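Structure below is my_file.csv: CSV, C-alpha atoms.
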```
chain,number,residue,atom,x,y,z
A,1,MET,CA,3.7,60.5,46.0
A,2,THR,CA,1.4,57.9,44.6
A,3,LYS,CA,2.2,55.5,41.9
A,4,ARG,CA,-0.4,54.0,39.6
A,5,LEU,CA,-0.5,50.3,39.1
A,6,VAL,CA,0.2,49.7,35.4
A,7,LYS,CA,-0.4,46.8,33.2
A,8,VAL,CA,2.2,45.3,30.9
A,9,ALA,CA,1.2,43.1,28.0
A,10,ILE,CA,3.7,41.1,25.9
A,11,THR,CA,2.4,39.8,22.6
A,12,TYR,CA,4.8,37.2,21.2
A,13,CYS,CA,4.9,34.9,18.2
A,14,SER,CA,4.3,31.4,19.5
A,15,GLU,CA,5.5,29.9,16.2
A,16,CYS,CA,8.8,31.6,16.4
A,17,GLY,CA,10.2,30.3,19.6
A,18,TYR,CA,10.1,33.6,21.5
A,19,GLU,CA,9.0,32.0,24.7
A,20,ALA,CA,12.5,32.5,26.3
A,21,GLN,CA,12.5,36.3,25.5
A,22,THR,CA,8.9,36.6,26.7
A,23,LEU,CA,9.5,34.8,30.0
A,24,GLY,CA,12.8,36.7,30.5
A,25,LEU,CA,11.1,40.0,30.2
A,26,ALA,CA,8.2,39.0,32.4
A,27,GLU,CA,10.6,37.8,35.1
A,28,ALA,CA,12.7,40.9,34.9
A,29,LEU,CA,9.5,43.0,35.4
A,30,MET,CA,8.4,40.9,38.3
A,31,LYS,CA,11.8,41.4,40.0
A,32,GLU,CA,12.0,45.1,39.2
A,33,PHE,CA,8.5,46.1,40.2
A,34,ARG,CA,7.2,43.3,42.4
A,35,HIS,CA,3.7,44.3,43.6
A,36,GLU,CA,3.8,47.6,41.7
A,37,LEU,CA,2.2,46.2,38.5
A,38,SER,CA,-1.5,45.5,38.2
A,39,GLU,CA,-0.9,42.7,35.7
A,40,ILE,CA,1.6,41.1,33.3
A,41,GLU,CA,-0.3,39.6,30.4
A,42,LEU,CA,1.3,37.2,28.0
A,43,ILE,CA,-0.5,36.9,24.6
A,44,PRO,CA,0.5,34.0,22.3
A,45,TRP,CA,0.3,35.3,18.7
A,46,TYR,CA,2.1,34.6,15.5
A,47,ASP,CA,3.3,36.5,12.4
A,48,GLY,CA,6.7,37.1,13.9
A,49,SER,CA,5.4,39.5,16.5
A,50,PHE,CA,7.0,40.7,19.7
A,51,ASP,CA,5.1,43.7,21.0
A,52,VAL,CA,5.2,45.2,24.5
A,53,THR,CA,2.4,47.6,25.7
A,54,VAL,CA,2.4,49.5,28.9
A,55,ASP,CA,-1.2,50.4,29.7
A,56,SER,CA,-2.3,51.4,26.3
A,57,GLU,CA,1.0,52.6,24.9
A,58,LEU,CA,2.9,50.4,22.5
A,59,VAL,CA,6.4,50.8,23.7
A,60,HIS,CA,8.1,48.2,21.5
A,61,SER,CA,7.1,46.5,18.3
A,62,MET,CA,9.3,44.0,16.5
A,63,TYR,CA,7.8,45.3,13.2
A,64,ARG,CA,8.4,48.9,14.1
A,65,GLU,CA,11.8,48.8,15.9
A,66,GLY,CA,13.0,45.3,15.0
A,67,GLY,CA,14.4,42.8,17.4
A,68,PHE,CA,13.6,42.5,21.1
A,69,PRO,CA,13.4,45.4,23.5
A,70,ASP,CA,16.0,46.3,26.1
A,71,HIS,CA,14.5,45.6,29.5
A,72,SER,CA,15.7,49.0,30.7
A,73,MET,CA,13.6,50.7,28.1
A,74,VAL,CA,10.5,48.8,29.2
A,75,PHE,CA,11.3,49.6,32.9
A,76,GLU,CA,11.5,53.3,32.0
A,77,ALA,CA,8.1,53.1,30.2
A,78,VAL,CA,6.6,51.5,33.3
A,79,ARG,CA,8.0,54.2,35.6
A,80,ARG,CA,6.7,56.9,33.3
A,81,HIS,CA,3.2,55.4,33.4
A,82,GLN,CA,3.3,54.9,37.1
A,83,THR,CA,3.6,58.6,37.7
A,84,ALA,CA,1.5,59.8,34.7
A,85,PRO,CA,-1.8,61.6,35.5
A,86,LEU,CA,-4.4,59.2,36.6
A,87,PRO,CA,-7.1,58.3,34.1
A,88,GLU,CA,-10.5,58.8,35.7
A,89,LYS,CA,-11.7,55.2,35.1
A,90,SER,CA,-8.6,53.7,36.6
A,91,SER,CA,-8.9,55.6,39.9
A,92,SER,CA,-8.9,52.3,41.9
A,93,ASN,CA,-5.5,51.4,40.5
A,94,VAL,CA,-3.4,53.3,43.0
A,95,ALA,CA,-0.7,52.0,45.2
A,96,GLN,CA,1.1,53.9,47.9
A,97,GLU,CA,4.8,54.3,47.3
A,98,ARG,CA,6.8,52.3,49.9
B,1,MET,CA,34.9,34.2,1.9
B,2,THR,CA,33.5,31.6,-0.4
B,3,VAL,CA,31.7,28.4,0.2
B,4,THR,CA,33.8,25.3,-0.5
B,5,ARG,CA,32.6,21.8,-1.4
B,6,GLU,CA,33.9,20.6,2.0
B,7,ARG,CA,31.9,23.2,3.9
B,8,PHE,CA,28.8,22.6,1.8
B,9,GLU,CA,28.8,18.9,2.4
B,10,GLN,CA,28.7,19.5,6.2
B,11,GLY,CA,25.1,20.6,5.9
B,12,MET,CA,22.1,18.4,6.5
B,13,THR,CA,20.1,16.7,3.8
B,14,TYR,CA,16.4,17.6,3.4
B,15,ASP,CA,15.3,14.5,5.3
B,16,GLU,CA,17.9,15.1,8.1
B,17,TYR,CA,16.6,18.7,8.4
B,18,LYS,CA,13.0,17.5,8.7
B,19,ALA,CA,14.0,14.9,11.3
B,20,GLN,CA,15.6,17.4,13.6
B,21,MET,CA,12.7,19.9,13.5
B,22,THR,CA,11.3,20.5,17.0
B,23,ARG,CA,8.5,22.9,16.0
B,24,ASN,CA,6.1,23.5,13.1
B,25,LYS,CA,6.9,20.2,11.5
B,26,GLU,CA,3.2,19.4,11.0
B,27,ARG,CA,2.7,22.6,9.0
B,28,PHE,CA,5.9,22.1,7.1
B,29,ILE,CA,4.9,18.6,5.9
B,30,GLU,CA,1.3,19.8,5.2
B,31,ASN,CA,2.7,22.6,2.9
B,32,GLU,CA,4.9,20.0,1.2
B,33,HIS,CA,2.0,17.7,0.5
B,34,GLN,CA,-0.5,20.4,-0.5
B,35,LEU,CA,1.8,22.0,-3.1
B,36,GLU,CA,0.6,21.5,-6.6
B,37,LEU,CA,3.6,21.6,-9.0
B,38,ASP,CA,2.9,22.6,-12.6
B,39,PRO,CA,4.6,20.0,-14.9
B,40,GLN,CA,6.0,22.8,-17.0
B,41,ASP,CA,7.8,24.3,-14.0
B,42,LEU,CA,9.1,20.9,-13.0
B,43,ALA,CA,10.4,20.4,-16.5
B,44,VAL,CA,12.5,23.5,-16.1
B,45,PHE,CA,14.4,21.7,-13.3
B,46,GLN,CA,14.3,18.2,-14.8
B,47,HIS,CA,16.0,19.5,-18.0
B,48,LEU,CA,18.8,21.3,-16.4
B,49,PRO,CA,22.0,20.6,-18.3
B,50,ARG,CA,23.8,19.6,-15.1
B,51,PRO,CA,22.9,19.1,-11.5
B,52,LEU,CA,23.1,22.1,-9.2
B,53,ASP,CA,24.2,22.4,-5.6
B,54,VAL,CA,21.9,24.4,-3.4
B,55,LEU,CA,22.9,25.8,0.0
B,56,VAL,CA,20.0,26.4,2.3
B,57,LEU,CA,19.9,28.4,5.5
B,58,ALA,CA,16.8,27.8,7.6
B,59,GLU,CA,15.3,27.5,11.1
B,60,ASP,CA,12.1,25.7,12.1
B,61,TRP,CA,10.7,28.7,13.9
B,62,CYS,CA,10.5,30.9,10.8
B,63,GLY,CA,7.2,31.2,8.9
B,64,ASP,CA,8.9,31.9,5.6
B,65,VAL,CA,10.9,28.7,5.9
B,66,ILE,CA,7.8,26.7,6.8
B,67,ALA,CA,6.1,28.1,3.7
B,68,ASN,CA,9.0,28.1,1.1
B,69,LEU,CA,11.5,25.3,2.0
B,70,PRO,CA,8.9,22.6,1.2
B,71,ILE,CA,8.6,24.0,-2.3
B,72,LEU,CA,12.3,23.6,-2.9
B,73,GLY,CA,12.1,20.2,-1.2
B,74,ARG,CA,9.5,19.0,-3.7
B,75,LEU,CA,11.3,20.4,-6.7
B,76,THR,CA,14.5,18.6,-5.5
B,77,ALA,CA,12.7,15.3,-4.9
B,78,GLU,CA,10.8,15.4,-8.2
B,79,SER,CA,13.5,16.8,-10.5
B,80,GLY,CA,16.5,14.8,-9.4
B,81,THR,CA,18.8,17.7,-10.5
B,82,LEU,CA,19.2,19.6,-7.2
B,83,HIS,CA,21.6,18.7,-4.4
B,84,LEU,CA,20.5,20.3,-1.2
B,85,ARG,CA,22.5,20.9,1.9
B,86,ILE,CA,20.8,22.7,4.8
B,87,PHE,CA,22.4,24.7,7.6
B,88,LEU,CA,20.7,26.2,10.7
B,89,ARG,CA,21.0,30.0,10.6
B,90,ASP,CA,21.8,30.5,14.2
B,91,GLN,CA,24.6,27.9,14.3
B,92,ASN,CA,26.3,28.9,11.1
B,93,PRO,CA,27.0,32.7,11.1
B,94,ASP,CA,30.0,32.2,8.8
B,95,LEU,CA,27.5,31.2,6.1
B,96,MET,CA,24.6,33.4,7.1
B,97,ASP,CA,26.6,36.6,7.1
B,98,GLN,CA,27.6,36.0,3.4
B,99,TYR,CA,23.9,36.1,2.4
B,100,LEU,CA,22.3,39.0,4.3
B,101,ASN,CA,19.1,40.4,3.0
B,102,HIS,CA,19.8,43.9,1.6
B,103,GLY,CA,23.3,43.4,3.1
B,104,GLN,CA,21.8,43.9,6.6
B,105,PHE,CA,19.3,41.3,7.8
B,106,ARG,CA,19.7,37.6,8.6
B,107,SER,CA,16.5,36.8,6.8
B,108,ILE,CA,15.7,33.2,6.0
B,109,PRO,CA,15.2,31.0,4.1
B,110,VAL,CA,18.2,31.5,1.9
B,111,PHE,CA,18.6,29.3,-1.1
B,112,VAL,CA,21.9,29.8,-3.0
B,113,PHE,CA,22.4,28.0,-6.3
B,114,PHE,CA,26.0,26.9,-7.2
B,115,ASP,CA,27.6,25.4,-10.3
B,116,GLU,CA,30.1,22.5,-9.9
B,117,GLN,CA,33.0,25.0,-9.3
B,118,PHE,CA,30.9,26.6,-6.5
B,119,HIS,CA,30.4,29.8,-8.4
B,120,GLU,CA,27.1,31.3,-7.3
B,121,LEU,CA,24.4,31.3,-10.0
B,122,GLY,CA,21.6,33.0,-8.1
B,123,ARG,CA,20.0,33.3,-4.7
B,124,PHE,CA,16.5,33.4,-3.2
B,125,ILE,CA,16.1,35.2,0.2
B,126,GLU,CA,13.0,35.1,2.4
B,127,ARG,CA,10.2,35.5,-0.1
B,128,PRO,CA,9.4,37.3,-3.3
B,129,ALA,CA,8.5,41.0,-3.1
B,130,SER,CA,5.2,40.1,-4.7
B,131,VAL,CA,4.3,37.9,-1.8
B,132,THR,CA,5.1,40.7,0.7
B,133,GLU,CA,2.9,43.0,-1.3
B,134,ARG,CA,0.0,40.6,-1.5
B,135,ASN,CA,0.2,39.9,2.2
B,136,ALA,CA,0.2,43.7,2.9
B,137,GLN,CA,-2.8,44.3,0.6
B,138,GLN,CA,-4.8,41.5,2.2
B,139,ARG,CA,-4.0,42.8,5.6
B,140,ARG,CA,-5.2,46.3,4.7
B,141,LYS,CA,-8.4,44.8,3.2
B,142,LEU,CA,-9.0,42.8,6.3
B,143,TYR,CA,-8.8,45.8,8.6
B,144,GLU,CA,-11.0,47.9,6.2
B,145,GLU,CA,-13.7,45.2,6.3
B,146,HIS,CA,-13.5,44.7,10.1
B,147,PRO,CA,-13.3,48.0,11.9
B,148,GLU,CA,-13.6,46.0,15.2
B,149,PHE,CA,-10.0,44.9,14.6
B,150,GLY,CA,-8.9,48.6,14.9
B,151,THR,CA,-6.0,49.4,12.5
B,152,PRO,CA,-3.0,47.3,11.5
B,153,ASP,CA,-1.1,49.4,14.1
B,154,THR,CA,-3.5,48.6,17.0
B,155,PRO,CA,-1.6,46.5,19.6
B,156,ILE,CA,-3.2,43.1,20.0
B,157,ALA,CA,-3.2,43.7,23.7
B,158,GLN,CA,-5.7,46.4,23.3
B,159,LEU,CA,-8.3,44.2,21.6
B,160,PRO,CA,-10.9,42.3,23.7
B,161,GLU,CA,-10.1,38.6,23.9
B,162,GLU,CA,-13.1,37.8,21.7
B,163,VAL,CA,-11.9,40.1,19.0
B,164,ARG,CA,-8.4,38.7,19.2
B,165,GLY,CA,-9.8,35.3,18.5
B,166,GLN,CA,-11.7,36.6,15.5
B,167,LEU,CA,-8.7,38.4,14.2
B,168,MET,CA,-6.5,35.3,14.5
B,169,GLU,CA,-9.1,33.2,12.6
B,170,ALA,CA,-9.4,35.9,9.9
B,171,MET,CA,-5.6,36.1,9.5
B,172,ALA,CA,-5.3,32.3,9.4
B,173,ALA,CA,-8.0,32.3,6.7
B,174,PHE,CA,-6.2,34.8,4.5
B,175,ARG,CA,-2.9,33.0,4.9
B,176,GLU,CA,-4.7,29.9,3.6
B,177,GLU,CA,-6.4,31.8,0.8
B,178,SER,CA,-3.1,33.3,-0.5
B,179,ARG,CA,-1.1,30.1,-0.1
B,180,SER,CA,-1.6,29.0,-3.7
B,181,ALA,CA,-0.7,32.4,-5.3
B,182,ASN,CA,2.3,32.8,-3.0
B,183,ASN,CA,3.6,29.3,-3.8
B,184,ARG,CA,3.2,30.2,-7.5
B,185,ASP,CA,5.4,33.3,-7.0
B,186,VAL,CA,8.1,31.3,-5.2
B,187,VAL,CA,8.2,28.6,-7.9
B,188,ASP,CA,8.4,31.4,-10.5
B,189,ALA,CA,11.3,33.0,-8.6
B,190,LEU,CA,13.2,29.7,-8.4
B,191,CYS,CA,12.5,28.9,-12.1
B,192,GLU,CA,14.0,32.3,-13.1
B,193,ILE,CA,17.2,31.5,-11.3
B,194,VAL,CA,17.7,28.1,-12.9
B,195,LYS,CA,16.5,29.3,-16.4
B,196,ALA,CA,19.6,31.5,-16.4
B,197,VAL,CA,21.7,28.4,-16.0
B,198,SER,CA,20.0,26.7,-18.9
B,199,ALA,CA,20.3,29.7,-21.2
```
Can I see the file as structure tokens?
Amino acid sequence: MTKRLVKVAITYCSECGYEAQTLGLAEALMKEFRHELSEIELIPWYDGSFDVTVDSELVHSMYREGGFPDHSMVFEAVRRHQTAPLPEKSSSNVAQER
Amino acid sequence: MTVTRERFEQGMTYDEYKAQMTRNKERFIENEHQLELDPQDLAVFQHLPRPLDVLVLAEDWCGDVIANLPILGRLTAESGTLHLRIFLRDQNPDLMDQYLNHGQFRSIPVFVFFDEQFHELGRFIERPASVTERNAQQRRKLYEEHPEFGTPDTPIAQLPEEVRGQLMEAMAAFREESRSANNRDVVDALCEIVKAVSA
């Protein structure tokens, strides 16, 4: 079975002191998925935001859900995207399952 | 649980609070200096029949604290009738949990006005509803005028970097544009609380 390489983006409020939560989630993703992610993007923003997108899906929004996401919820979203049908334009983003 | 004089006096003064800030201090001080106080509003505080104690809950990472605490600071400095003590939200849950927003949320800033027996006279939490509504309206207008920003629900991560930069500039501009009206609403809300004392 092939797994797609997925991208995770974390948009965090840089005025609010959310660096620790941002880095904590990024580190957890690195350890959990190692080379199975195409990219982890950290986007400094403001306005009290802490949003996590996996590919194009917004899986957590501080505005929408409140608070910070459980890491396990983000992991589940990544796994779901890894095995989702492959978008045509992303056909190069394929990694063999080890 | 109530707030006692002893507990109240454990808080920081306004200057002590500013001195311990580790982030956003420049914006905080800029807001303090740029605020234009109407003499009539100031008079409401200057003519209070007796000084009031004001308990404040704040943190330097919160945008509403950066916007609104300097207003209370200026009113305190220029009226001479308010006695502020400031507590950090995250280090004082015993106080914070007495003043939850809608009974649920640890929103800040919190300004609680007390008489000399520490009976609560009124409280201000986070920001006036009119400010929330103004910000939401401006946000809707911004997205209507700039379809390239997507919708308010579009994740920032989905926008090209160039568009992100444009959006950030546009939002900073509308924050600046609305500052005066928002300050006006905060002063009005604080005046309403103390006018009840004078009545």
Near chain B, meaning an atom within 6 Å, which residues of chain A appear when counting all atoms listed in the file? Write them as a PyMOL selection string.
chain A and resi 15-17
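One distance worth recording is that between atom CA of Leu82 of chain B and atom CA of Asp97 of chain B, which is 23.4 Å.
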If I take atom CA of Ser38 of chain A and atom CA of Val52 of chain A, how far is one from the other in Å, to one decimal?
15.3 Å
So how far away is atom CA of Val197 of chain B from atom CA of Leu121 of chain B, in Å?
7.2 Å
Hey, what's within 12 Å of Ile29 of chain B if we count all atoms listed in the file and toss same-chain stuff fewer than 2 positions away? As an NGL selection string, please?
:B and (14-15 or 17-19 or 21 or 23-27 or 31-35 or 60 or 65-71 or 73-74)
Write out the residues from the selection above, keeping C-alpha atoms, as a compact mmCIF listing (two decimals), keeping the file's coordinate frame.
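File out.txt, as written:
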```txt
# COMPACT_ATOMS: atom_id res chain seq x y z
CA TYR B 14 16.40 17.60 3.40
CA ASP B 15 15.30 14.50 5.30
CA TYR B 17 16.60 18.70 8.40
CA LYS B 18 13.00 17.50 8.70
CA ALA B 19 14.00 14.90 11.30
CA MET B 21 12.70 19.90 13.50
CA ARG B 23 8.50 22.90 16.00
CA ASN B 24 6.10 23.50 13.10
CA LYS B 25 6.90 20.20 11.50
CA GLU B 26 3.20 19.40 11.00
CA ARG B 27 2.70 22.60 9.00
CA ASN B 31 2.70 22.60 2.90
CA GLU B 32 4.90 20.00 1.20
CA HIS B 33 2.00 17.70 0.50
CA GLN B 34 -0.50 20.40 -0.50
CA LEU B 35 1.80 22.00 -3.10
CA ASP B 60 12.10 25.70 12.10
CA VAL B 65 10.90 28.70 5.90
CA ILE B 66 7.80 26.70 6.80
CA ALA B 67 6.10 28.10 3.70
CA ASN B 68 9.00 28.10 1.10
CA LEU B 69 11.50 25.30 2.00
CA PRO B 70 8.90 22.60 1.20
CA ILE B 71 8.60 24.00 -2.30
CA GLY B 73 12.10 20.20 -1.20
CA ARG B 74 9.50 19.00 -3.70
```
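Within 6 Å of the file-frame point (5.6, 35.2, 14.4), and using only C-alpha atoms, the polymer residues found are A:Cys13, A:Glu15, A:Cys16, A:Tyr46, A:Asp47, A:Gly48, A:Ser49.
In terms of minimum interatomic distance to Met96 of chain B, B:Val112 ranks closest within B:Ile193, B:His119, B:Val54, B:Val112, counting only C-alpha atoms.
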Compute the distance from (23.8, 22.2, -7.6) to each atom, counting only C-alpha atoms, keep the residues with any atom at most 6 Å away, and return them as an mmCIF file with C-alpha atoms, keeping the file's coordinate frame; use the coordinates of the file.
```
data_model
loop_
_atom_site.group_PDB
_atom_site.id
_atom_site.type_symbol
_atom_site.label_atom_id
_atom_site.label_comp_id
_atom_site.auth_asym_id
_atom_site.auth_seq_id
_atom_site.Cartn_x
_atom_site.Cartn_y
_atom_site.Cartn_z
ATOM 1 C CA PRO B 51 22.900 19.100 -11.500
ATOM 2 C CA LEU B 52 23.100 22.100 -9.200
ATOM 3 C CA ASP B 53 24.200 22.400 -5.600
ATOM 4 C CA VAL B 54 21.900 24.400 -3.400
ATOM 5 C CA LEU B 82 19.200 19.600 -7.200
ATOM 6 C CA HIS B 83 21.600 18.700 -4.400
ATOM 7 C CA PHE B 114 26.000 26.900 -7.200
ATOM 8 C CA ASP B 115 27.600 25.400 -10.300
#
```
Find, counting only C-alpha atoms, the residue in A:Glu32, A:Thr2, A:Tyr12, A:Ala20 that gets nearest to Met62 of chain A.
A:Tyr12
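Checking A:Glu65, A:His71, A:His81, A:Lys3 one by one against Gln21 of chain A, counting only C-alpha atoms, you find the shortest gap at A:His71.
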Writing N, CA and C atoms and nothing else, produce segment 10-33 of chain A as a CSV table (one decimal), in the first residue's frame.
```
chain,number,residue,atom,x,y,z
A,10,ILE,N,1.0,24.9,10.3
A,10,ILE,CA,0.5,25.4,11.6
A,10,ILE,C,0.6,27.0,11.5
A,11,THR,N,-0.6,27.6,11.6
A,11,THR,CA,-0.7,29.1,11.6
A,11,THR,C,-0.9,29.5,13.1
A,12,TYR,N,0.1,30.2,13.6
A,12,TYR,CA,0.0,30.6,15.0
A,12,TYR,C,0.1,32.1,15.2
A,13,CYS,N,-0.5,32.5,16.3
A,13,CYS,CA,-0.5,34.0,16.6
A,13,CYS,C,0.9,34.2,17.3
A,14,SER,N,1.7,35.0,16.6
A,14,SER,CA,3.0,35.3,17.1
A,14,SER,C,3.0,36.4,18.2
A,15,GLU,N,1.9,37.1,18.3
A,15,GLU,CA,1.8,38.0,19.4
A,15,GLU,C,1.4,37.4,20.7
A,16,CYS,N,0.8,36.2,20.6
A,16,CYS,CA,0.2,35.6,21.8
A,16,CYS,C,1.0,34.6,22.5
A,17,GLY,N,2.2,34.4,22.1
A,17,GLY,CA,3.1,33.5,22.8
A,17,GLY,C,2.8,32.0,22.6
A,18,TYR,N,2.3,31.7,21.3
A,18,TYR,CA,2.0,30.3,21.0
A,18,TYR,C,3.2,29.5,20.4
A,19,GLU,N,4.4,30.0,20.6
A,19,GLU,CA,5.5,29.4,20.0
A,19,GLU,C,5.7,28.0,20.6
A,20,ALA,N,5.5,27.9,21.9
A,20,ALA,CA,5.8,26.6,22.5
A,20,ALA,C,4.8,25.5,22.0
A,21,GLN,N,3.5,25.9,21.9
A,21,GLN,CA,2.5,24.9,21.3
A,21,GLN,C,2.8,24.5,19.9
A,22,THR,N,3.3,25.6,19.1
A,22,THR,CA,3.6,25.3,17.7
A,22,THR,C,4.8,24.4,17.6
A,23,LEU,N,5.8,24.7,18.3
A,23,LEU,CA,7.0,23.8,18.2
A,23,LEU,C,6.7,22.4,18.8
A,24,GLY,N,5.9,22.4,19.8
A,24,GLY,CA,5.5,21.1,20.4
A,24,GLY,C,4.8,20.2,19.4
A,25,LEU,N,3.9,20.8,18.7
A,25,LEU,CA,3.1,20.0,17.7
A,25,LEU,C,4.1,19.6,16.5
A,26,ALA,N,4.9,20.6,16.1
A,26,ALA,CA,5.8,20.2,15.0
A,26,ALA,C,6.7,19.1,15.4
A,27,GLU,N,7.3,19.1,16.6
A,27,GLU,CA,8.2,18.1,17.0
A,27,GLU,C,7.4,16.7,17.1
A,28,ALA,N,6.2,16.8,17.6
A,28,ALA,CA,5.4,15.5,17.7
A,28,ALA,C,5.2,14.9,16.4
A,29,LEU,N,4.9,15.8,15.4
A,29,LEU,CA,4.7,15.3,14.0
A,29,LEU,C,6.0,14.7,13.4
A,30,MET,N,7.1,15.4,13.7
A,30,MET,CA,8.4,14.9,13.2
A,30,MET,C,8.7,13.5,13.7
A,31,LYS,N,8.4,13.3,15.0
A,31,LYS,CA,8.7,12.0,15.7
A,31,LYS,C,7.8,10.9,15.2
A,32,GLU,N,6.5,11.3,15.0
A,32,GLU,CA,5.5,10.3,14.7
A,32,GLU,C,5.6,9.9,13.3
A,33,PHE,N,5.9,10.8,12.4
A,33,PHE,CA,5.8,10.5,10.9
A,33,PHE,C,7.2,10.6,10.2
```
